[in-house]
Amino acid sequence: MFKPVQIADNVYWVGYRDWNIRNFHGYKTERGSSYNAYLIIDEKITLIDTVKAPYAGKLLENIAQIIDPAKIDYLISNHTEPDHSGSIPAVLAAAPNATLVAVKKGLEGLEKYYGGGWRSIEVKTGDTLDIGRLKLEFIATPMIHWPDSMMTYVHGLELLFSMDAFGQHYATSELFDDEVSYCELMQEAKTYYANIIMHLGSLTKKAIPAVEALPISLVAPSHGVIWRKHFAKIVAEYKKWVDCKPTAKIVIIYDSMWSSTETMAQAIGAAATRDGVCVKLLRIPDNELTNLITEVLDAAVVLVGTPTLNNGMMPTVSAFLTYMTGLKPTGKQFAAFGSHGWRGGGATSVDKVLRDAALDVVCEPLTCVFKPDGDTLAKCAEWGESFAGAALAAVAGQQI
Ligand code: FEO
């Protein structure tokens, strides 16, 4: 599994497949991940990014199967996050004549992480670097995913190293999009977008035209497989995701203590179920936050339920709200519901968090005391029917 693979004329994947990673700073990576580094053999030997620090030896072994690492002339750092920069010190130690290339923020961040003292070239959008037969062009893409992020385009090969954009946390022995399950790939790309990029949607939206303006044969992200067949399709999906474009979907995300809030969730869901509307009931402790936020990405309505614990919401619900509000989903209707005993506080605290995050809360919380009675269940049914109508209205007239 640790051998390099040629992806284009004189360009090799030399990265590391992390088959068993299951937690990537909180993101549950059910299919592992990969840290993609690429080696270009030209008059100037050029390495595009590195891998996580523990796998520096594997990276250097891969490079050594093609060329002596000491011959590397340029090390392009498209992104400072340590999953891509962690082996820069090891590579520069092995390649004493190499020059590090990054944007200003990248060089600053790398110095903070690793101490600096290297030869470097600072680049900005539109700058080019001749490496012999090929010419590299740099495109700064700040905040996709960090301020230091950039993409590197290879003129002559129509190859874009797209960094985190268009990536997937997806370890596979295959290296190209047309060699893996299309459904699995698109699901992983969607999960990756929802959990990593969603809160940067407006910036990503601005970057897409610059990418579309390029002649493209291959798009090689820093995680997952390389796009050579389905790039137009992933761009089309990104154009929906950058706006969190809703589908006719209602997600009811909740926790429950003695089944009262769950009974409310079920009553809302049952009333919302009708032709053309997708309804999902997701109890937080039974689902990963990673998957919950992916369901939120293309929902039209998000209903959050909690019982009252110590005059507030359940800690599980709080964790979900912290994660969701940080990722800033847009274009959805939100509302809170839940049960309480002698004092309220659960659903109203959810309502406050949603409003404080400037999410579109469309009604007051729906609450009940101890156990939903006939009146409460009738109100739940009204909610369900009303939100089903809202979900259908949200997508009416949309271009498919
Ligand atoms: Fe894969 Fe933002 O690093």
# chains A, B, ... in the order shown; residues from 1 in each chain; ligands from 1

call {"tool": "residues_near_ligand", "arguments": {"ligand": "ligand 1", "cutoff": "6 Å", "atoms": "only C-alpha atoms and all ligand atoms", "output": "short mmCIF file (atom, residue, chain, number, x, y, z; two decimals) with C-alpha atoms, in the first residue's frame"}}
result
data_model
loop_
_atom_site.label_atom_id
_atom_site.label_comp_id
_atom_site.auth_asym_id
_atom_site.auth_seq_id
_atom_site.Cartn_x
_atom_site.Cartn_y
_atom_site.Cartn_z
CA GLU A 81 -2.59 22.34 8.63
CA ASP A 83 -2.06 16.76 8.15
CA HIS A 145 -9.65 25.74 4.61
CA ASP A 164 -8.76 20.50 0.90
#

call {"tool": "residues_around", "arguments": {"residues": "Leu297 (chain A)", "least_positions_apart": "3", "cutoff": "8 Å", "atoms": "only C-alpha atoms", "output": "MDAnalysis selection string"}}
result
chainID A and resid 194 198 241 244:246 293:294 329

call {"tool": "closest_residue", "arguments": {"among": "A:Glu158, A:Glu122, A:Asp177, A:Asp42", "to": "Lys104 (chain A)", "atoms": "only C-alpha atoms"}}
result
A:Glu122

call {"tool": "residues_around", "arguments": {"residues": "Leu134 (chain A)", "least_positions_apart": "4", "cutoff": "7 Å", "atoms": "only C-alpha atoms", "output": "list in words"}}
result
Asp130, Val154, His155 and Gly156 of chain A

call {"tool": "atom_distance", "arguments": {"atom1": "CA of Leu100 (chain A)", "atom2": "CA of Asn10 (chain A)"}}
result
20.6 Å

call {"tool": "closest_residue", "arguments": {"among": "A:Gly106, A:Gly15, A:Gly345, A:Pro4", "to": "Leu59 (chain A)", "atoms": "only C-alpha atoms"}}
result
A:Gly15

call {"tool": "residues_around", "arguments": {"residues": "Tyr55 (chain A)", "least_positions_apart": "6", "cutoff": "9 Å", "atoms": "only C-alpha atoms", "output": "list in words"}}
result
Gly15, Tyr16, Gly86 and Ser87 of chain A

call {"tool": "write_last_selection", "arguments": {"atoms": "N, CA, C and O atoms", "output": "compact mmCIF listing (two decimals), in the first residue's frame"}}
result
# COMPACT_ATOMS: atom_id res chain seq x y z
N GLY A 15 1.66 9.84 -1.37
CA GLY A 15 1.11 10.12 -0.05
C GLY A 15 0.97 8.89 0.84
O GLY A 15 1.64 7.86 0.64
N TYR A 16 0.07 9.02 1.79
CA TYR A 16 -0.13 7.96 2.79
C TYR A 16 -1.62 7.71 2.99
O TYR A 16 -2.38 8.66 3.19
N GLY A 86 2.93 18.36 8.22
CA GLY A 86 3.63 17.73 9.35
C GLY A 86 4.98 17.14 9.00
O GLY A 86 5.86 17.04 9.85
N SER A 87 5.17 16.73 7.74
CA SER A 87 6.45 16.11 7.36
C SER A 87 7.38 17.09 6.66
O SER A 87 8.42 16.67 6.12

call {"tool": "decode", "arguments": {"residues": "region 122-250 of chain A", "atoms": "C-alpha atoms", "output": "PDB file, in the first residue's frame"}}
result
ATOM      1  CA  GLU A 122       6.442  33.729  -1.120  1.00  0.00           C
ATOM      2  CA  VAL A 123       3.782  33.536  -3.819  1.00  0.00           C
ATOM      3  CA  LYS A 124       0.355  35.027  -4.459  1.00  0.00           C
ATOM      4  CA  THR A 125      -2.463  34.437  -6.899  1.00  0.00           C
ATOM      5  CA  GLY A 126      -1.271  34.512 -10.487  1.00  0.00           C
ATOM      6  CA  ASP A 127       2.405  33.951  -9.676  1.00  0.00           C
ATOM      7  CA  THR A 128       4.053  31.223 -11.704  1.00  0.00           C
ATOM      8  CA  LEU A 129       7.053  28.981 -11.254  1.00  0.00           C
ATOM      9  CA  ASP A 130       8.842  27.354 -14.179  1.00  0.00           C
ATOM     10  CA  ILE A 131      10.102  23.918 -13.257  1.00  0.00           C
ATOM     11  CA  GLY A 132      11.328  22.954 -16.721  1.00  0.00           C
ATOM     12  CA  ARG A 133       8.892  21.500 -19.204  1.00  0.00           C
ATOM     13  CA  LEU A 134       6.021  22.437 -16.910  1.00  0.00           C
ATOM     14  CA  LYS A 135       4.890  25.684 -15.343  1.00  0.00           C
ATOM     15  CA  LEU A 136       3.080  25.949 -12.020  1.00  0.00           C
ATOM     16  CA  GLU A 137       0.568  28.689 -11.269  1.00  0.00           C
ATOM     17  CA  PHE A 138      -0.647  29.513  -7.772  1.00  0.00           C
ATOM     18  CA  ILE A 139      -4.173  30.450  -6.771  1.00  0.00           C
ATOM     19  CA  ALA A 140      -4.638  31.690  -3.208  1.00  0.00           C
ATOM     20  CA  THR A 141      -7.857  30.326  -1.705  1.00  0.00           C
ATOM     21  CA  PRO A 142      -7.856  31.846   1.791  1.00  0.00           C
ATOM     22  CA  MET A 143     -10.091  30.083   4.316  1.00  0.00           C
ATOM     23  CA  ILE A 144     -10.543  27.004   2.142  1.00  0.00           C
ATOM     24  CA  HIS A 145      -9.650  25.737   4.610  1.00  0.00           C
ATOM     25  CA  TRP A 146      -7.279  28.089   6.497  1.00  0.00           C
ATOM     26  CA  PRO A 147      -6.002  31.603   5.716  1.00  0.00           C
ATOM     27  CA  ASP A 148      -2.879  30.031   4.192  1.00  0.00           C
ATOM     28  CA  SER A 149      -4.654  27.766   1.714  1.00  0.00           C
ATOM     29  CA  MET A 150      -3.826  27.851  -1.966  1.00  0.00           C
ATOM     30  CA  MET A 151      -4.171  25.653  -5.019  1.00  0.00           C
ATOM     31  CA  THR A 152      -1.438  24.852  -7.507  1.00  0.00           C
ATOM     32  CA  TYR A 153      -2.227  24.470 -11.202  1.00  0.00           C
ATOM     33  CA  VAL A 154       0.090  22.687 -13.628  1.00  0.00           C
ATOM     34  CA  HIS A 155       0.042  24.238 -17.082  1.00  0.00           C
ATOM     35  CA  GLY A 156       0.683  21.669 -19.745  1.00  0.00           C
ATOM     36  CA  LEU A 157      -1.050  18.892 -17.828  1.00  0.00           C
ATOM     37  CA  GLU A 158      -4.333  20.668 -16.993  1.00  0.00           C
ATOM     38  CA  LEU A 159      -3.838  19.356 -13.480  1.00  0.00           C
ATOM     39  CA  LEU A 160      -5.076  21.199 -10.404  1.00  0.00           C
ATOM     40  CA  PHE A 161      -3.839  20.373  -6.920  1.00  0.00           C
ATOM     41  CA  SER A 162      -6.944  21.613  -5.127  1.00  0.00           C
ATOM     42  CA  MET A 163      -5.864  21.177  -1.508  1.00  0.00           C
ATOM     43  CA  ASP A 164      -8.757  20.496   0.895  1.00  0.00           C
ATOM     44  CA  ALA A 165     -11.362  21.596  -1.657  1.00  0.00           C
ATOM     45  CA  PHE A 166     -13.083  18.677  -3.406  1.00  0.00           C
ATOM     46  CA  GLY A 167     -11.478  16.294  -0.912  1.00  0.00           C
ATOM     47  CA  GLN A 168     -12.947  13.319   0.877  1.00  0.00           C
ATOM     48  CA  HIS A 169     -11.912  11.463   4.003  1.00  0.00           C
ATOM     49  CA  TYR A 170     -11.845   8.209   2.076  1.00  0.00           C
ATOM     50  CA  ALA A 171      -9.061   5.621   2.149  1.00  0.00           C
ATOM     51  CA  THR A 172      -9.118   3.416  -0.931  1.00  0.00           C
ATOM     52  CA  SER A 173      -6.564   1.323  -2.771  1.00  0.00           C
ATOM     53  CA  GLU A 174      -7.905   2.920  -5.955  1.00  0.00           C
ATOM     54  CA  LEU A 175      -6.706   6.438  -6.733  1.00  0.00           C
ATOM     55  CA  PHE A 176      -9.265   7.782  -9.225  1.00  0.00           C
ATOM     56  CA  ASP A 177     -12.935   8.690  -8.966  1.00  0.00           C
ATOM     57  CA  ASP A 178     -14.013   6.272 -11.717  1.00  0.00           C
ATOM     58  CA  GLU A 179     -12.443   3.316  -9.911  1.00  0.00           C
ATOM     59  CA  VAL A 180     -14.576   3.534  -6.764  1.00  0.00           C
ATOM     60  CA  SER A 181     -18.289   3.398  -6.015  1.00  0.00           C
ATOM     61  CA  TYR A 182     -19.790   6.652  -7.287  1.00  0.00           C
ATOM     62  CA  CYS A 183     -22.416   6.706  -4.522  1.00  0.00           C
ATOM     63  CA  GLU A 184     -19.835   6.070  -1.813  1.00  0.00           C
ATOM     64  CA  LEU A 185     -17.540   8.738  -3.236  1.00  0.00           C
ATOM     65  CA  MET A 186     -20.221  11.412  -3.463  1.00  0.00           C
ATOM     66  CA  GLN A 187     -21.438  10.604   0.036  1.00  0.00           C
ATOM     67  CA  GLU A 188     -17.913  10.988   1.406  1.00  0.00           C
ATOM     68  CA  ALA A 189     -17.435  14.236  -0.537  1.00  0.00           C
ATOM     69  CA  LYS A 190     -20.716  15.527   0.891  1.00  0.00           C
ATOM     70  CA  THR A 191     -19.815  14.520   4.434  1.00  0.00           C
ATOM     71  CA  TYR A 192     -16.426  16.184   4.025  1.00  0.00           C
ATOM     72  CA  TYR A 193     -18.004  19.388   2.719  1.00  0.00           C
ATOM     73  CA  ALA A 194     -20.574  19.517   5.526  1.00  0.00           C
ATOM     74  CA  ASN A 195     -18.038  18.970   8.285  1.00  0.00           C
ATOM     75  CA  ILE A 196     -15.028  20.887   6.969  1.00  0.00           C
ATOM     76  CA  ILE A 197     -16.090  23.469   4.414  1.00  0.00           C
ATOM     77  CA  MET A 198     -19.747  24.360   5.087  1.00  0.00           C
ATOM     78  CA  HIS A 199     -19.050  27.385   7.278  1.00  0.00           C
ATOM     79  CA  LEU A 200     -16.769  28.707   4.522  1.00  0.00           C
ATOM     80  CA  GLY A 201     -19.445  28.404   1.845  1.00  0.00           C
ATOM     81  CA  SER A 202     -19.450  32.038   0.750  1.00  0.00           C
ATOM     82  CA  LEU A 203     -15.667  32.014   0.211  1.00  0.00           C
ATOM     83  CA  THR A 204     -15.829  28.671  -1.552  1.00  0.00           C
ATOM     84  CA  LYS A 205     -18.540  30.058  -3.820  1.00  0.00           C
ATOM     85  CA  LYS A 206     -16.196  32.857  -4.880  1.00  0.00           C
ATOM     86  CA  ALA A 207     -13.388  30.387  -5.648  1.00  0.00           C
ATOM     87  CA  ILE A 208     -15.434  28.147  -7.942  1.00  0.00           C
ATOM     88  CA  PRO A 209     -15.393  30.483 -10.984  1.00  0.00           C
ATOM     89  CA  ALA A 210     -11.584  30.672 -10.827  1.00  0.00           C
ATOM     90  CA  VAL A 211     -11.415  26.883 -10.913  1.00  0.00           C
ATOM     91  CA  GLU A 212     -14.009  26.602 -13.668  1.00  0.00           C
ATOM     92  CA  ALA A 213     -12.039  29.055 -15.799  1.00  0.00           C
ATOM     93  CA  LEU A 214      -9.131  26.602 -15.972  1.00  0.00           C
ATOM     94  CA  PRO A 215      -8.792  23.829 -18.540  1.00  0.00           C
ATOM     95  CA  ILE A 216      -9.059  20.775 -16.293  1.00  0.00           C
ATOM     96  CA  SER A 217      -8.147  17.151 -16.929  1.00  0.00           C
ATOM     97  CA  LEU A 218      -7.363  16.126 -13.358  1.00  0.00           C
ATOM     98  CA  VAL A 219      -8.177  17.579  -9.966  1.00  0.00           C
ATOM     99  CA  ALA A 220      -6.016  16.137  -7.224  1.00  0.00           C
ATOM    100  CA  PRO A 221      -7.189  17.077  -3.718  1.00  0.00           C
ATOM    101  CA  SER A 222      -5.217  16.512  -0.556  1.00  0.00           C
ATOM    102  CA  HIS A 223      -7.582  13.851   0.767  1.00  0.00           C
ATOM    103  CA  GLY A 224      -9.280  10.983  -1.014  1.00  0.00           C
ATOM    104  CA  VAL A 225      -9.419  10.097  -4.683  1.00  0.00           C
ATOM    105  CA  ILE A 226      -8.475  12.184  -7.722  1.00  0.00           C
ATOM    106  CA  TRP A 227     -11.215  13.545  -9.958  1.00  0.00           C
ATOM    107  CA  ARG A 228     -10.704  12.656 -13.623  1.00  0.00           C
ATOM    108  CA  LYS A 229     -14.218  11.656 -14.744  1.00  0.00           C
ATOM    109  CA  HIS A 230     -16.717  13.226 -12.367  1.00  0.00           C
ATOM    110  CA  PHE A 231     -15.208  16.645 -11.751  1.00  0.00           C
ATOM    111  CA  ALA A 232     -18.098  18.472 -13.417  1.00  0.00           C
ATOM    112  CA  LYS A 233     -20.458  16.559 -11.133  1.00  0.00           C
ATOM    113  CA  ILE A 234     -18.644  17.431  -7.930  1.00  0.00           C
ATOM    114  CA  VAL A 235     -18.504  21.086  -9.009  1.00  0.00           C
ATOM    115  CA  ALA A 236     -22.265  20.956  -9.625  1.00  0.00           C
ATOM    116  CA  GLU A 237     -22.747  19.551  -6.120  1.00  0.00           C
ATOM    117  CA  TYR A 238     -20.457  22.194  -4.626  1.00  0.00           C
ATOM    118  CA  LYS A 239     -22.569  24.888  -6.280  1.00  0.00           C
ATOM    119  CA  LYS A 240     -25.561  23.562  -4.313  1.00  0.00           C
ATOM    120  CA  TRP A 241     -23.641  22.995  -1.094  1.00  0.00           C
ATOM    121  CA  VAL A 242     -22.064  26.475  -0.946  1.00  0.00           C
ATOM    122  CA  ASP A 243     -25.584  27.850  -0.543  1.00  0.00           C
ATOM    123  CA  CYS A 244     -26.752  24.908   1.641  1.00  0.00           C
ATOM    124  CA  LYS A 245     -29.421  24.608  -1.038  1.00  0.00           C
ATOM    125  CA  PRO A 246     -32.402  22.896   0.583  1.00  0.00           C
ATOM    126  CA  THR A 247     -34.154  19.796  -0.635  1.00  0.00           C
ATOM    127  CA  ALA A 248     -37.647  18.916   0.574  1.00  0.00           C
ATOM    128  CA  LYS A 249     -36.213  17.338   3.700  1.00  0.00           C
ATOM    129  CA  ILE A 250     -37.098  17.749   7.368  1.00  0.00           C
TER     130      ILE A 250
END
